[in-house]
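Down below is the structure, laid out as structure tokens.
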Amino acid sequence: MRYCQNKKQEGNTLSLNHTKQKSWPQRLLALLAAVVLCAALPAAALAEENTASIQTQVSETDEDIPWADPPQSTPETGRPDPAVPTPPQDPATPETAQTGEHLEGYSLSLGETVTIYFYVTLPEDTPQDAAMQFTLPDSTVTQVAVADAKQVEVNGKSCTAFPCQVAAKQLTDDIGARMVVNGKYGPVYTYTVKDYLNYLLEHDYPQQAKELAGTLLVYGGKAQLYFGYRTDALAGTAEPNSTANWGSYQFESSGTQTDDYYGSSLLLEPVIQIRHYFMVPDGAECTFTFAWNAGEPETELQPVDTNTRFDGKKVYYVVTPAIAFRRADAMPVVAMRQNGADLCILRYGVFSYGDMVRALAAVDESQLPLLNLLRALDDLTTAAQRYSVAG
């Protein structure tokens, strides 16, 4: 994301402090000025998005929302029929071998990421360092070892569930999965997250699961349009239902130095996070913490120097922990303190940023793709919460 919601403009007293009452024209001018101010930060500071490679380990938290038990699929096998001749191999492609697994099916979880699981039964003598290798169209290759995968029982069978995480814009991407055992490569199984979601929609699953599947497809399609990714094959083409009524999400700040809050930006890949910018006086040793709500346990955040100065102070940023889809409507608290004193306590959520985008889109059509993506996220958050409650 390249837009920041900023609180100040040099030489201007316009403010985005939502705790102060302003007329609509004043707020709109302030919002527009906020976008311009981002140019004051160096390109490296704004462009340094979280580009960490797709991870293969899934955190077991209450944010993960499992679907479809048991997983469904057409049975496939890792034991090629010896009567069928093996096709010629591309020299750059590992030769297909008999690795002995049997693909049982798939499931999906929606936590901080979109994660699809490939369920396989393995021979008893499969070594723990054997792995499932995943290949995506962008040439991203990851491996999950048997020792790191989940062991589950499905329909009376002991299965190994290998996770593969994808970005929201990649729901239509072919995921190639194959076992690697003692240096031998098994057959490739190909599947997409969209295939799985369509399966849910077309079969007898609870309404809450279907609602979640449908909203995820719409979110994926809007992510493709916003990021310009495979726009000829959208995951979903429907429009979001959200009306972007996010006025209650306007950010709040308190403390002795609220003017040291500089601005915020939203990160959407590979996970949802919020980046907050603060101004720190020379020589000051400030600490930064994150909490989901005021009074709850805090997590320390590490400030990053942007090598930029504003009003004679250094500008630093901190990044929140990943925000699960079903918690995207939260209003987390980030605190800036010095020697235990509250300099700036900021209450700011994903839809605090969304409220700014909504106002900008009213006068600037170029913001509509981002607005529609956040509207789709709003719908997805609601559906994820309903599914979680239905349990």
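Quick note on naming: the chains in the structure tokens go A, B, ... in the order shown, residues restart at 1 in each chain, and ligands are numbered from 1 in order of appearance.
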Next on the checklist: Taking 6 positions as the minimum chain separation for residues in the same chain, which residues sit within 7 Å of Arg375 of chain A when counting only C-alpha atoms? Answer as a PyMOL selection string.
Outcome noted: chain A and resi 240+242+244
If you count only C-alpha atoms, which residues fall within 12 Å of Phe227 of chain A, apart from same-chain ones fewer than 4 positions away, as an mmCIF file with N, CA and C atoms, in the first residue's frame?
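Result file is around_33.cif:
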```
data_model
loop_
_atom_site.group_PDB
_atom_site.id
_atom_site.type_symbol
_atom_site.label_atom_id
_atom_site.label_comp_id
_atom_site.auth_asym_id
_atom_site.auth_seq_id
_atom_site.Cartn_x
_atom_site.Cartn_y
_atom_site.Cartn_z
ATOM 1 N N MET A 1 0.849 -1.172 0.000
ATOM 2 C CA MET A 1 0.000 0.000 0.000
ATOM 3 C C MET A 1 0.895 1.236 0.000
ATOM 4 N N ALA A 167 -1.616 -16.059 -1.205
ATOM 5 C CA ALA A 167 -2.167 -14.723 -1.046
ATOM 6 C C ALA A 167 -3.590 -14.706 -1.585
ATOM 7 N N ALA A 168 -4.375 -13.729 -1.157
ATOM 8 C CA ALA A 168 -5.772 -13.646 -1.592
ATOM 9 C C ALA A 168 -5.879 -13.531 -3.107
ATOM 10 N N LYS A 169 -4.921 -12.890 -3.746
ATOM 11 C CA LYS A 169 -4.971 -12.728 -5.196
ATOM 12 C C LYS A 169 -4.643 -14.028 -5.932
ATOM 13 N N GLN A 170 -4.221 -15.061 -5.206
ATOM 14 C CA GLN A 170 -3.779 -16.308 -5.840
ATOM 15 C C GLN A 170 -4.802 -17.442 -5.737
ATOM 16 N N GLY A 220 -10.996 -12.385 -3.111
ATOM 17 C CA GLY A 220 -9.898 -12.765 -3.992
ATOM 18 C C GLY A 220 -9.968 -12.044 -5.326
ATOM 19 N N GLY A 221 -11.185 -11.933 -5.895
ATOM 20 C CA GLY A 221 -11.334 -11.231 -7.166
ATOM 21 C C GLY A 221 -10.984 -9.762 -7.053
ATOM 22 N N LYS A 222 -11.406 -9.117 -5.965
ATOM 23 C CA LYS A 222 -11.078 -7.704 -5.770
ATOM 24 C C LYS A 222 -9.586 -7.514 -5.525
ATOM 25 N N ALA A 223 -8.950 -8.486 -4.868
ATOM 26 C CA ALA A 223 -7.499 -8.407 -4.679
ATOM 27 C C ALA A 223 -6.780 -8.495 -6.031
ATOM 28 N N THR A 231 -6.052 -10.671 -14.030
ATOM 29 C CA THR A 231 -7.395 -10.093 -14.047
ATOM 30 C C THR A 231 -8.308 -10.725 -15.092
ATOM 31 N N LEU A 234 -10.701 -14.013 -12.783
ATOM 32 C CA LEU A 234 -11.005 -13.582 -11.430
ATOM 33 C C LEU A 234 -11.617 -14.712 -10.605
ATOM 34 N N LEU A 268 -1.388 -5.328 2.929
ATOM 35 C CA LEU A 268 -2.343 -6.402 2.644
ATOM 36 C C LEU A 268 -1.672 -7.703 2.233
ATOM 37 N N GLU A 269 -0.383 -7.694 1.958
ATOM 38 C CA GLU A 269 0.314 -8.917 1.578
ATOM 39 C C GLU A 269 1.647 -8.997 2.295
ATOM 40 N N PRO A 369 -10.886 0.778 -6.751
ATOM 41 C CA PRO A 369 -10.429 -0.605 -6.584
ATOM 42 C C PRO A 369 -10.021 -0.927 -5.148
ATOM 43 N N LEU A 370 -9.357 0.031 -4.489
ATOM 44 C CA LEU A 370 -8.970 -0.195 -3.094
ATOM 45 C C LEU A 370 -10.204 -0.182 -2.195
ATOM 46 N N LEU A 373 -11.942 -3.450 -2.554
ATOM 47 C CA LEU A 373 -11.209 -4.515 -1.871
ATOM 48 C C LEU A 373 -11.492 -4.483 -0.369
#
```
Checklist entry - For Tyr117 of chain A, which of A:Leu103, A:Val141, A:Ala161, A:Ile323 is the closest residue, counting only C-alpha atoms? => result A:Ala161
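Nearest to Thr190 of chain A of all the residues A:Thr115, A:Ser254, A:Tyr106, A:Lys157 is A:Tyr106, based on only C-alpha atoms.
Put simply, atom CA of Leu108 of chain A is 28.6 Å away from atom CA of Tyr353 of chain A.
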Checklist entry - Hey, what's within 7 Å of Ala322 of chain A if we count only C-alpha atoms and toss same-chain stuff fewer than 5 positions away? As a list of chain:residue names, please? => result A:Glu112, A:Val271, A:Ile272, A:Gln273
Can you spit out the residues from that selection as a PDB file, in the first residue's frame, using C-alpha atoms?
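What landed in again-v5.pdb:
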```pdb
ATOM      1  CA  GLU A 112      -4.015 -14.793   9.201  1.00  0.00           C
ATOM      2  CA  VAL A 271      -0.723 -10.809   5.660  1.00  0.00           C
ATOM      3  CA  ILE A 272      -2.828  -7.878   6.873  1.00  0.00           C
ATOM      4  CA  GLN A 273      -0.850  -5.469   9.066  1.00  0.00           C
TER       5      GLN A 273
END
```
Find the residues around segment 245-250 of chain A up to 8 Å (only C-alpha atoms counted), leave out those fewer than 6 positions away in its own chain, and share them as an mmCIF file with C-alpha atoms, in the first residue's frame.
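Final output, around_26.cif:
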```cif
data_model
loop_
_atom_site.group_PDB
_atom_site.id
_atom_site.type_symbol
_atom_site.label_atom_id
_atom_site.label_comp_id
_atom_site.auth_asym_id
_atom_site.auth_seq_id
_atom_site.Cartn_x
_atom_site.Cartn_y
_atom_site.Cartn_z
ATOM 1 C CA HIS A 18 -10.900 12.090 14.531
ATOM 2 C CA MET A 331 -9.391 -1.442 16.909
ATOM 3 C CA TYR A 348 -6.488 2.460 15.026
ATOM 4 C CA GLY A 349 -7.878 -0.424 12.954
ATOM 5 C CA PHE A 351 -11.282 0.178 8.744
ATOM 6 C CA SER A 352 -9.893 3.398 10.232
ATOM 7 C CA GLY A 354 -10.847 2.231 5.141
ATOM 8 C CA ASP A 355 -12.820 5.276 6.278
#
```
Checklist entry - Looking only at the backbone, which of the residues in segment 113-298 of chain A does DSSP tag as strand (DSSP E or B), as a count of residues only? => result 69
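For the atom pair formed by atom CA of Asp364 of chain A and atom CA of Tyr226 of chain A, the distance is 15.1 Å, given to one decimal.
Of the listed residues (A:Pro332, A:Leu346, A:Lys314, A:Glu285), A:Leu346 comes nearest to Gln257 of chain A; the distances count only C-alpha atoms.
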Checklist outcome for this item: Min atom-atom distance to Val304 of chain A from the set A:Val154, A:Ile345, A:Val280, A:Ala324, counting only C-alpha atoms, belongs to A:Val280
Checklist outcome for this item: Min atom-atom distance to Thr306 of chain A from the set A:Ala291, A:Val166, A:Met279, A:Ala284, counting only C-alpha atoms, belongs to A:Met279
Checklist entry - Near Lys194 of chain A, within 8 Å and counting only C-alpha atoms, which residues show up once chain neighbours fewer than 6 positions away are dropped, as a PyMOL selection string? => result chain A and resi 171-172+217+235
For the residues in that selection, give me N, CA and C atoms as a JSON list (two decimals), in the first residue's frame.
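Here's the written file result.json:
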```json
[["chain", "number", "residue", "atom", "x", "y", "z"],
["A", 171, "LEU", "N", -6.06, -17.13, -5.48],
["A", 171, "LEU", "CA", -7.05, -18.19, -5.29],
["A", 171, "LEU", "C", -7.26, -19.01, -6.56],
["A", 172, "THR", "N", -6.98, -18.42, -7.72],
["A", 172, "THR", "CA", -7.16, -19.15, -8.98],
["A", 172, "THR", "C", -5.87, -19.79, -9.48],
["A", 217, "LEU", "N", -14.21, -15.72, -2.25],
["A", 217, "LEU", "CA", -14.04, -15.62, -3.70],
["A", 217, "LEU", "C", -14.14, -14.17, -4.16],
["A", 235, "ALA", "N", -11.27, -14.75, -9.32],
["A", 235, "ALA", "CA", -11.84, -15.75, -8.42],
["A", 235, "ALA", "C", -13.33, -15.52, -8.26]]
```
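Residue nearest Ser264 of chain A, chosen from A:Pro187, A:Met356, A:Ala130, A:Met336 and counting only C-alpha atoms: A:Met356.
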Checklist entry - Which polymer residues have any atom within 12 Å of an atom of Pro281 of chain A, counting only C-alpha atoms, with same-chain residues fewer than 3 positions away left out, as a count of residues only? => result 17
Next on the checklist: Residues near Arg326 of chain A, anyone? I mean within 6 Å using only C-alpha atoms, not counting same-chain ones fewer than 6 positions away, as a PyMOL selection string.
Outcome noted: chain A and resi 381+384-385
Serialized selection, C-alpha atoms, as a PDB file, in the first residue's frame:
```
ATOM      1  CA  THR A 381     -14.687 -10.533   8.240  1.00  0.00           C
ATOM      2  CA  ALA A 384     -15.681 -15.505   9.155  1.00  0.00           C
ATOM      3  CA  GLN A 385     -17.126 -14.403  12.500  1.00  0.00           C
TER       4      GLN A 385
END
```
